[in-house]
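Engineer: data34.cif is the file, holding mmCIF, C-alpha atoms and all ligand atoms:
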data_query
loop_
_atom_site.group_PDB
_atom_site.id
_atom_site.type_symbol
_atom_site.label_atom_id
_atom_site.label_comp_id
_atom_site.auth_asym_id
_atom_site.auth_seq_id
_atom_site.Cartn_x
_atom_site.Cartn_y
_atom_site.Cartn_z
ATOM 1 C CA MET A 30 220.639 135.107 140.418
ATOM 2 C CA THR A 31 219.211 131.944 141.888
ATOM 3 C CA HIS A 32 215.974 130.743 140.452
ATOM 4 C CA VAL A 33 213.062 128.608 141.482
ATOM 5 C CA TYR A 34 212.943 126.050 138.690
ATOM 6 C CA ASP A 35 210.252 123.857 137.245
ATOM 7 C CA LEU A 36 211.557 122.133 134.134
ATOM 8 C CA HIS A 37 208.766 119.720 133.182
ATOM 9 C CA CYS A 38 205.091 120.495 132.554
ATOM 10 C CA HIS A 39 202.335 120.210 129.969
ATOM 11 C CA SER A 40 199.904 122.570 128.263
ATOM 12 C CA LEU A 41 196.929 122.244 125.917
ATOM 13 C CA ALA A 42 199.446 121.585 123.143
ATOM 14 C CA SER A 43 199.531 118.021 124.512
ATOM 15 C CA ASP A 44 197.683 116.622 127.526
ATOM 16 C CA GLY A 45 197.778 119.572 129.912
ATOM 17 C CA ALA A 46 194.612 121.392 130.885
ATOM 18 C CA LEU A 47 195.933 124.960 130.707
ATOM 19 C CA SER A 48 196.875 127.150 127.781
ATOM 20 C CA PRO A 49 200.592 128.025 127.628
ATOM 21 C CA THR A 50 199.703 131.528 128.865
ATOM 22 C CA ALA A 51 197.682 130.274 131.830
ATOM 23 C CA LEU A 52 200.443 127.797 132.664
ATOM 24 C CA VAL A 53 203.150 130.478 132.729
ATOM 25 C CA GLN A 54 200.932 132.722 134.871
ATOM 26 C CA ARG A 55 200.214 129.906 137.294
ATOM 27 C CA ALA A 56 203.915 129.095 137.535
ATOM 28 C CA GLN A 57 204.699 132.675 138.450
ATOM 29 C CA GLN A 58 201.912 132.743 141.046
ATOM 30 C CA ASN A 59 203.497 129.660 142.594
ATOM 31 C CA GLY A 60 206.877 131.354 142.874
ATOM 32 C CA VAL A 61 208.555 129.708 139.880
ATOM 33 C CA THR A 62 211.078 132.062 138.253
ATOM 34 C CA ALA A 63 212.426 129.749 135.535
ATOM 35 C CA LEU A 64 210.013 127.469 133.709
ATOM 36 C CA ALA A 65 210.358 124.933 130.898
ATOM 37 C CA LEU A 66 207.310 123.803 128.936
ATOM 38 C CA THR A 67 207.784 120.196 127.817
ATOM 39 C CA ASP A 68 204.743 118.977 125.920
ATOM 40 C CA HIS A 69 204.619 115.421 124.597
ATOM 41 C CA ASP A 70 206.258 115.273 121.150
ATOM 42 C CA THR A 71 205.387 118.852 120.252
ATOM 43 C CA THR A 72 206.783 122.355 120.465
ATOM 44 C CA ALA A 73 203.524 124.011 119.417
ATOM 45 C CA GLY A 74 202.966 125.726 122.776
ATOM 46 C CA LEU A 75 206.432 127.266 123.100
ATOM 47 C CA ALA A 76 205.913 130.534 121.233
ATOM 48 C CA GLU A 77 202.857 131.490 123.273
ATOM 49 C CA ALA A 78 204.548 130.506 126.541
ATOM 50 C CA GLN A 79 207.670 132.466 125.639
ATOM 51 C CA ALA A 80 205.617 135.561 124.783
ATOM 52 C CA CYS A 81 203.757 135.435 128.080
ATOM 53 C CA ALA A 82 206.945 134.753 130.056
ATOM 54 C CA THR A 83 208.648 137.742 128.461
ATOM 55 C CA ALA A 84 205.635 139.930 129.203
ATOM 56 C CA ILE A 85 205.471 139.020 132.886
ATOM 57 C CA GLY A 86 209.196 138.680 133.541
ATOM 58 C CA LEU A 87 209.685 134.965 133.993
ATOM 59 C CA HIS A 88 212.639 133.060 132.534
ATOM 60 C CA PHE A 89 211.453 130.591 129.946
ATOM 61 C CA ILE A 90 213.296 127.522 128.698
ATOM 62 C CA PRO A 91 211.890 125.982 125.513
ATOM 63 C CA GLY A 92 211.458 122.242 125.971
ATOM 64 C CA ILE A 93 209.839 119.042 124.780
ATOM 65 C CA GLU A 94 209.149 115.563 126.170
ATOM 66 C CA LEU A 95 209.875 113.008 123.466
ATOM 67 C CA SER A 96 208.404 109.508 123.568
ATOM 68 C CA THR A 97 211.166 107.054 122.671
ATOM 69 C CA ASN A 98 211.803 103.337 122.373
ATOM 70 C CA TRP A 99 214.786 101.340 123.459
ATOM 71 C CA GLU A 100 214.829 97.540 123.756
ATOM 72 C CA ASN A 101 211.059 97.376 123.278
ATOM 73 C CA LYS A 102 210.366 99.693 126.166
ATOM 74 C CA CYS A 103 209.154 103.276 126.146
ATOM 75 C CA PHE A 104 211.169 106.029 127.820
ATOM 76 C CA HIS A 105 210.423 109.733 127.999
ATOM 77 C CA ILE A 106 213.282 112.078 127.205
ATOM 78 C CA VAL A 107 212.949 115.727 128.106
ATOM 79 C CA GLY A 108 214.838 118.182 125.919
ATOM 80 C CA LEU A 109 215.661 121.517 127.555
ATOM 81 C CA GLY A 110 216.858 124.641 125.799
ATOM 82 C CA ILE A 111 216.005 123.378 122.326
ATOM 83 C CA ASP A 112 215.584 125.426 119.180
ATOM 84 C CA PRO A 113 212.128 124.281 118.024
ATOM 85 C CA ASN A 114 212.916 125.441 114.504
ATOM 86 C CA TYR A 115 215.828 123.043 114.065
ATOM 87 C CA PRO A 116 214.566 121.307 110.895
ATOM 88 C CA PRO A 117 215.040 117.627 111.875
ATOM 89 C CA LEU A 118 213.286 118.234 115.186
ATOM 90 C CA ALA A 119 210.463 120.159 113.515
ATOM 91 C CA GLU A 120 210.074 117.352 110.988
ATOM 92 C CA ALA A 121 210.072 114.742 113.738
ATOM 93 C CA THR A 122 207.307 116.456 115.706
ATOM 94 C CA HIS A 123 205.306 116.825 112.496
ATOM 95 C CA ASN A 124 205.596 113.076 111.847
ATOM 96 C CA LEU A 125 204.799 112.257 115.461
ATOM 97 C CA GLN A 126 201.494 114.068 115.121
ATOM 98 C CA THR A 127 200.549 111.569 112.395
ATOM 99 C CA THR A 128 201.833 108.677 114.491
ATOM 100 C CA ARG A 129 199.637 109.805 117.359
ATOM 101 C CA LEU A 130 196.605 110.323 115.112
ATOM 102 C CA GLU A 131 196.903 106.824 113.633
ATOM 103 C CA ARG A 132 197.463 105.338 117.059
ATOM 104 C CA ALA A 133 194.331 107.101 118.303
ATOM 105 C CA GLU A 134 192.313 105.465 115.514
ATOM 106 C CA GLN A 135 193.637 102.075 116.572
ATOM 107 C CA ILE A 136 192.884 102.700 120.244
ATOM 108 C CA ALA A 137 189.349 103.757 119.308
ATOM 109 C CA LEU A 138 188.856 100.558 117.271
ATOM 110 C CA LYS A 139 189.928 98.490 120.264
ATOM 111 C CA LEU A 140 187.469 100.372 122.450
ATOM 112 C CA GLU A 141 184.724 99.634 119.906
ATOM 113 C CA LYS A 142 185.401 95.945 120.435
ATOM 114 C CA LYS A 143 184.502 96.655 124.057
ATOM 115 C CA GLN A 144 181.274 98.345 122.930
ATOM 116 C CA ILE A 145 182.623 101.830 123.577
ATOM 117 C CA PHE A 146 181.858 104.073 120.629
ATOM 118 C CA GLY A 147 182.732 107.590 119.594
ATOM 119 C CA ALA A 148 186.166 107.751 121.204
ATOM 120 C CA PHE A 149 188.107 108.871 118.137
ATOM 121 C CA GLU A 150 185.824 111.814 117.389
ATOM 122 C CA ALA A 151 185.848 112.820 121.054
ATOM 123 C CA VAL A 152 189.623 112.768 121.540
ATOM 124 C CA LYS A 153 190.197 114.561 118.257
ATOM 125 C CA GLU A 154 187.828 117.282 119.303
ATOM 126 C CA ALA A 155 189.370 117.511 122.766
ATOM 127 C CA ALA A 156 192.960 117.643 121.498
ATOM 128 C CA GLY A 157 192.138 120.237 118.834
ATOM 129 C CA GLU A 158 195.386 121.281 117.172
ATOM 130 C CA GLY A 159 197.393 119.570 119.912
ATOM 131 C CA MET A 160 198.818 116.083 120.258
ATOM 132 C CA ILE A 161 196.326 113.305 121.007
ATOM 133 C CA THR A 162 197.421 111.315 124.062
ATOM 134 C CA ARG A 163 196.062 108.486 126.149
ATOM 135 C CA THR A 164 195.094 111.129 128.704
ATOM 136 C CA HIS A 165 192.475 112.315 126.213
ATOM 137 C CA PHE A 166 191.113 108.773 126.025
ATOM 138 C CA ALA A 167 191.078 108.541 129.811
ATOM 139 C CA ASP A 168 189.101 111.769 130.012
ATOM 140 C CA PHE A 169 186.669 110.485 127.376
ATOM 141 C CA LEU A 170 186.124 107.214 129.275
ATOM 142 C CA LEU A 171 185.569 109.227 132.416
ATOM 143 C CA SER A 172 183.084 111.577 130.767
ATOM 144 C CA GLN A 173 181.090 108.602 129.470
ATOM 145 C CA PHE A 174 181.055 106.952 132.919
ATOM 146 C CA HIS A 175 182.951 103.868 131.780
ATOM 147 C CA VAL A 176 185.365 104.533 134.641
ATOM 148 C CA SER A 177 185.266 106.712 137.710
ATOM 149 C CA THR A 178 188.868 107.984 137.732
ATOM 150 C CA GLN A 179 191.589 108.653 135.160
ATOM 151 C CA GLN A 180 193.716 106.036 136.868
ATOM 152 C CA GLU A 181 190.957 103.450 136.417
ATOM 153 C CA ALA A 182 190.857 104.265 132.689
ATOM 154 C CA PHE A 183 194.535 103.303 132.459
ATOM 155 C CA ASP A 184 194.181 100.281 134.728
ATOM 156 C CA ARG A 185 191.198 98.843 132.859
ATOM 157 C CA TYR A 186 191.707 99.947 129.259
ATOM 158 C CA LEU A 187 194.757 101.996 128.304
ATOM 159 C CA ALA A 188 197.822 100.669 130.111
ATOM 160 C CA LYS A 189 200.167 98.121 128.583
ATOM 161 C CA GLY A 190 198.508 94.709 128.523
ATOM 162 C CA LYS A 191 194.982 96.146 128.721
ATOM 163 C CA PRO A 192 192.328 95.779 125.975
ATOM 164 C CA ALA A 193 192.752 99.189 124.326
ATOM 165 C CA TYR A 194 196.553 99.327 124.527
ATOM 166 C CA VAL A 195 198.285 99.890 121.211
ATOM 167 C CA SER A 196 201.995 99.343 120.995
ATOM 168 C CA THR A 197 203.461 102.318 119.160
ATOM 169 C CA SER A 198 206.779 102.740 117.470
ATOM 170 C CA TRP A 199 208.214 106.000 118.724
ATOM 171 C CA ALA A 200 211.580 107.505 117.905
ATOM 172 C CA ASP A 201 214.668 105.480 118.802
ATOM 173 C CA LEU A 202 216.209 106.676 122.036
ATOM 174 C CA SER A 203 219.468 107.583 120.289
ATOM 175 C CA GLN A 204 217.651 109.406 117.497
ATOM 176 C CA ALA A 205 215.632 111.456 119.993
ATOM 177 C CA VAL A 206 218.723 112.397 121.985
ATOM 178 C CA SER A 207 220.414 113.500 118.749
ATOM 179 C CA TRP A 208 217.480 115.697 117.726
ATOM 180 C CA ILE A 209 217.582 117.376 121.124
ATOM 181 C CA THR A 210 221.328 117.915 121.327
ATOM 182 C CA GLU A 211 221.642 119.020 117.692
ATOM 183 C CA ALA A 212 218.818 121.493 118.361
ATOM 184 C CA GLY A 213 221.054 123.004 121.049
ATOM 185 C CA GLY A 214 219.318 121.315 123.961
ATOM 186 C CA VAL A 215 220.191 119.085 126.886
ATOM 187 C CA ALA A 216 218.653 115.594 126.892
ATOM 188 C CA VAL A 217 217.293 114.516 130.278
ATOM 189 C CA LEU A 218 215.801 111.149 131.218
ATOM 190 C CA ALA A 219 212.343 111.956 132.599
ATOM 191 C CA HIS A 220 210.964 110.458 135.835
ATOM 192 C CA PRO A 221 213.509 107.597 136.082
ATOM 193 C CA LEU A 222 211.654 105.719 138.816
ATOM 194 C CA ARG A 223 208.399 105.485 136.920
ATOM 195 C CA TYR A 224 209.626 102.750 134.577
ATOM 196 C CA LYS A 225 209.926 100.223 137.407
ATOM 197 C CA LEU A 226 213.268 98.980 136.115
ATOM 198 C CA THR A 227 215.537 96.531 137.895
ATOM 199 C CA ALA A 228 219.014 97.725 138.884
ATOM 200 C CA ASN A 229 220.434 95.872 135.905
ATOM 201 C CA TRP A 230 218.055 97.513 133.438
ATOM 202 C CA ILE A 231 218.733 100.950 134.891
ATOM 203 C CA ARG A 232 222.469 100.392 134.536
ATOM 204 C CA ARG A 233 222.076 99.307 130.911
ATOM 205 C CA LEU A 234 219.668 102.160 130.108
ATOM 206 C CA LEU A 235 221.819 104.889 131.637
ATOM 207 C CA THR A 236 224.976 103.486 130.048
ATOM 208 C CA GLU A 237 223.271 103.597 126.652
ATOM 209 C CA PHE A 238 221.739 107.026 127.332
ATOM 210 C CA LYS A 239 225.177 108.467 128.153
ATOM 211 C CA LYS A 240 226.722 106.781 125.144
ATOM 212 C CA VAL A 241 224.266 108.409 122.741
ATOM 213 C CA GLY A 242 224.702 111.876 124.252
ATOM 214 C CA GLY A 243 222.212 112.063 127.112
ATOM 215 C CA GLN A 244 223.403 114.474 129.786
ATOM 216 C CA GLY A 245 220.788 114.690 132.520
ATOM 217 C CA ILE A 246 218.280 112.880 134.673
ATOM 218 C CA GLU A 247 215.280 114.104 136.643
ATOM 219 C CA VAL A 248 216.340 113.776 140.259
ATOM 220 C CA ILE A 249 213.338 115.664 141.638
ATOM 221 C CA THR A 250 209.815 115.156 140.339
ATOM 222 C CA SER A 251 206.447 115.431 142.088
ATOM 223 C CA ARG A 252 205.458 113.079 144.892
ATOM 224 C CA MET A 253 208.927 111.622 145.497
ATOM 225 C CA ASN A 254 209.708 110.418 148.989
ATOM 226 C CA PRO A 255 213.207 110.806 150.498
ATOM 227 C CA ASP A 256 214.167 107.227 149.602
ATOM 228 C CA GLU A 257 213.244 107.801 145.977
ATOM 229 C CA ILE A 258 215.212 111.042 145.906
ATOM 230 C CA ARG A 259 218.228 109.145 147.246
ATOM 231 C CA VAL A 260 217.892 106.530 144.515
ATOM 232 C CA ALA A 261 217.633 109.137 141.744
ATOM 233 C CA THR A 262 220.546 111.097 143.246
ATOM 234 C CA ASP A 263 222.610 107.943 143.210
ATOM 235 C CA TYR A 264 221.860 107.439 139.487
ATOM 236 C CA ALA A 265 222.952 111.005 138.715
ATOM 237 C CA LEU A 266 226.223 110.609 140.611
ATOM 238 C CA ARG A 267 227.056 107.111 139.385
ATOM 239 C CA PHE A 268 226.461 107.945 135.748
ATOM 240 C CA ASP A 269 227.790 111.491 135.908
ATOM 241 C CA LEU A 270 224.518 113.063 134.807
ATOM 242 C CA VAL A 271 223.322 116.546 135.697
ATOM 243 C CA GLY A 272 220.138 116.679 137.745
ATOM 244 C CA SER A 273 216.846 118.264 136.708
ATOM 245 C CA VAL A 274 213.736 119.195 138.674
ATOM 246 C CA GLY A 275 210.253 119.153 137.183
ATOM 247 C CA SER A 276 206.735 118.742 138.485
ATOM 248 C CA ASP A 277 205.227 117.054 135.374
ATOM 249 C CA PHE A 278 202.208 119.268 136.038
ATOM 250 C CA HIS A 279 199.214 118.542 133.786
ATOM 251 C CA ASN A 280 196.193 120.036 135.561
ATOM 252 C CA ALA A 281 195.041 121.374 138.884
ATOM 253 C CA THR A 282 193.177 118.287 140.054
ATOM 254 C CA ASN A 283 196.013 116.763 142.080
ATOM 255 C CA PRO A 284 197.309 119.042 144.848
ATOM 256 C CA TYR A 285 200.516 116.961 145.142
ATOM 257 C CA VAL A 286 201.466 117.668 141.546
ATOM 258 C CA GLU A 287 201.725 121.430 141.288
ATOM 259 C CA LEU A 288 203.953 123.829 139.395
ATOM 260 C CA GLY A 289 206.978 124.697 141.512
ATOM 261 C CA ARG A 290 205.989 122.377 144.340
ATOM 262 C CA LEU A 291 209.266 120.463 144.416
ATOM 263 C CA ALA A 292 211.957 119.375 146.847
ATOM 264 C CA PRO A 293 215.352 121.064 146.355
ATOM 265 C CA LEU A 294 217.956 119.401 144.168
ATOM 266 C CA PRO A 295 220.502 117.757 146.517
ATOM 267 C CA ASP A 296 223.731 119.797 146.753
ATOM 268 C CA LYS A 297 225.954 117.009 145.522
ATOM 269 C CA VAL A 298 224.133 116.792 142.172
ATOM 270 C CA LYS A 299 225.336 119.088 139.399
ATOM 271 C CA PRO A 300 222.302 121.116 138.283
ATOM 272 C CA VAL A 301 221.104 120.982 134.696
ATOM 273 C CA TRP A 302 220.721 124.763 134.679
ATOM 274 C CA ASP A 303 224.505 125.108 134.659
ATOM 275 C CA LEU A 304 224.216 123.863 131.065
ATOM 276 C CA LEU A 305 221.323 126.135 130.107
ATOM 277 C CA THR A 306 221.668 129.737 129.085
ATOM 278 C CA LEU A 307 218.882 131.767 130.608
ATOM 279 C CA ASN A 308 217.806 135.036 129.010
ATOM 280 C CA HIS A 309 218.608 138.326 130.684
ATOM 281 C CA GLU A 310 221.530 137.097 132.743
HETATM 282 P P1 LIG B 401 200.763 108.781 125.745
HETATM 283 O O1 LIG B 401 202.037 109.562 125.593
HETATM 284 O O2 LIG B 401 199.721 109.149 124.748
HETATM 285 O O3 LIG B 401 201.009 107.309 125.834
HETATM 286 O O4 LIG B 401 200.145 109.226 127.105
HETATM 287 C C1 LIG B 401 200.930 109.173 128.228
HETATM 288 C C2 LIG B 401 200.357 110.090 129.262
HETATM 289 O O5 LIG B 401 199.289 109.456 129.923
HETATM 290 C C3 LIG B 401 201.372 110.352 130.331
HETATM 291 O O6 LIG B 401 202.158 111.453 130.032
HETATM 292 C C4 LIG B 401 200.525 110.648 131.526
HETATM 293 O O7 LIG B 401 200.119 111.993 131.494
HETATM 294 C C5 LIG B 401 199.333 109.765 131.291
HETATM 295 N N1 LIG B 401 199.410 108.483 132.010
HETATM 296 C C6 LIG B 401 200.147 107.402 131.693
HETATM 297 N N2 LIG B 401 199.951 106.401 132.563
HETATM 298 C C7 LIG B 401 199.040 106.864 133.446
HETATM 299 C C8 LIG B 401 198.398 106.322 134.590
HETATM 300 N N3 LIG B 401 198.644 105.056 134.994
HETATM 301 N N4 LIG B 401 197.531 107.104 135.248
HETATM 302 C C9 LIG B 401 197.258 108.366 134.836
HETATM 303 N N5 LIG B 401 197.831 108.930 133.781
HETATM 304 C C10 LIG B 401 198.711 108.200 133.097
HETATM 305 MN MN MN B 402 201.169 113.422 129.969
HETATM 306 MN MN MN B 403 206.440 111.388 130.908
HETATM 307 MN MN MN B 404 205.441 114.742 131.308
#
Re-express the file's structure as structure tokens.
Ligand code: AMP
Ligand code: MN
Ligand code: MN
Ligand code: MN
Structural biologist:
Amino acid sequence: MTHVYDLHCHSLASDGALSPTALVQRAQQNGVTALALTDHDTTAGLAEAQACATAIGLHFIPGIELSTNWENKCFHIVGLGIDPNYPPLAEATHNLQTTRLERAEQIALKLEKKQIFGAFEAVKEAAGEGMITRTHFADFLLSQFHVSTQQEAFDRYLAKGKPAYVSTSWADLSQAVSWITEAGGVAVLAHPLRYKLTANWIRRLLTEFKKVGGQGIEVITSRMNPDEIRVATDYALRFDLVGSVGSDFHNATNPYVELGRLAPLPDKVKPVWDLLTLNHE
């Protein structure tokens, strides 16, 4: 059976706006037949998403998007088909919750220096049991009228080099890839064009990623133009990586980032789903 895939999205367990149930339902309404939930550094939403997917007859792939460091840069690695109960992975996500909580305190202190108060309490409340992310800070800044868009919150306060940026030590790239592969999953470099790397950096990154066990790269994500798809396709072919497709959906505010709204994976790229075992097949 051929599926309509979306292998990258977020729920309330991290910085998405929808519950795992609502996300799975929305995916199905949009024609997606195989969905992976990939929240930032957490697997907390997977059980609910799986239960809903089973109930409504959608194929579900348990996933995660791990924040990693390599050479002082931050890269996002999507893990697909993971066992969330694999102890080292479960321990890692547990520790990352603390990392994110402490980082949030530091971000809030930096905002206080800019006379913006109450951020920590607000993001904690908004994230609830889920992971606290910079998106929560952006939403707080927006709600308090310090900025007029989420993008402006990043541009003025939260992005690297801005007053409330906190450099965080995430998992090593190689460590994160190991957690994913040992948990039975496939490690995929997320949104490769978003890091704004030179050709030389990309070559070094993908060489290292392959060396430590990375197997895939997102060739199709939201809002890619044909030139960008060609570039990502070229990376997949040159480095012998399988290709993934994922919207990186967070919420319904941007009509160009929508579950299942994705260009097809180019024929010449080996699809990541050849490496995934889907239920009921
Ligand atoms: P964090 O993992 O806490 O650093 O938060 C990263 C999240 O913030 C990303 O997954 C995006 O959802 C969001 N984000 C990062 N940069 C931007 C940006 N420039 N504009 C809007 N959202 C962003
Ligand atoms: Mn996010
Ligand atoms: Mn990401
Ligand atoms: Mn994402």
Engineer: Would you name the residues within 9 Å of ligand MN 402 (chain B), counting only C-alpha atoms and all ligand atoms, and put them as an NGL selection string?
Structural biologist: :A and (38-39 or 43-45 or 68-69 or 162-164 or 277-279)
Engineer: Between A:Pro192, A:Leu266, A:Pro116, A:Ala205, which has the minimum distance to Leu138 of chain A (counting all atoms listed in the file)?
Structural biologist: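 Among A:Pro192, A:Leu266, A:Pro116, A:Ala205, it is A:Pro192 that comes nearest to Leu138 of chain A.
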Engineer: Can you pull out every residue with an atom within 12 Å of ligand MN 404 (chain B)? Use all atoms listed in the file and format it as number ranges by chain.
Structural biologist: A: 35-40, 43-45, 65-71, 92-96, 104-108, 162, 164, 217-221, 223, 247, 250-251, 274-280, 286
Engineer: If I take atom CA of Phe166 of chain A and atom CA of Leu202 of chain A, how far is one from the other in Å, to one decimal?
Structural biologist: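 Between these atoms lies a distance of 25.5 Å.
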Engineer: Work out how far apart atom CA of Tyr115 of chain A and atom CA of Ile209 of chain A are and give it in Å to one decimal.
Structural biologist: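 According to the coordinates, atom CA of Tyr115 of chain A and atom CA of Ile209 of chain A are separated by 9.2 Å.
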Engineer: Segment 139-155 of chain A: which residues within 7 Å, counting all atoms listed in the file, same-chain residues fewer than 5 positions away excluded, as a short mmCIF file (atom, residue, chain, number, x, y, z; two decimals) with C-alpha atoms, in the coordinates of the input?
Structural biologist:
data_model
loop_
_atom_site.label_atom_id
_atom_site.label_comp_id
_atom_site.auth_asym_id
_atom_site.auth_seq_id
_atom_site.Cartn_x
_atom_site.Cartn_y
_atom_site.Cartn_z
CA ALA A 133 194.33 107.10 118.30
CA GLU A 134 192.31 105.46 115.51
CA ILE A 161 196.33 113.30 121.01
CA HIS A 165 192.48 112.32 126.21
CA PHE A 166 191.11 108.77 126.02
CA PHE A 169 186.67 110.48 127.38
CA PRO A 192 192.33 95.78 125.98
CA ALA A 193 192.75 99.19 124.33
#
Engineer: Report, in Å to a single decimal, how far apart atom O5 of ligand LIG 401 (chain B) and atom CA of Ala42 of chain A are.
Structural biologist: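 Atom O5 of ligand LIG 401 (chain B) lies 13.9 Å from atom CA of Ala42 of chain A.
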Engineer: When distances are computed from only C-alpha atoms and all ligand atoms, which of A:Leu305, A:Leu291, A:Met160, A:Ala265 shows the smallest separation from ligand LIG 401 (chain B)?
Structural biologist: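 Distance minimum relative to ligand LIG 401 (chain B) lands on A:Met160.
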Engineer: Taking only C-alpha atoms into account, which of A:Leu270, A:Ala119, A:Leu222, A:Leu41 comes nearest Thr236 of chain A?
Structural biologist: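 Of A:Leu270, A:Ala119, A:Leu222, A:Leu41, the one nearest Thr236 of chain A, counting only C-alpha atoms, is A:Leu270.
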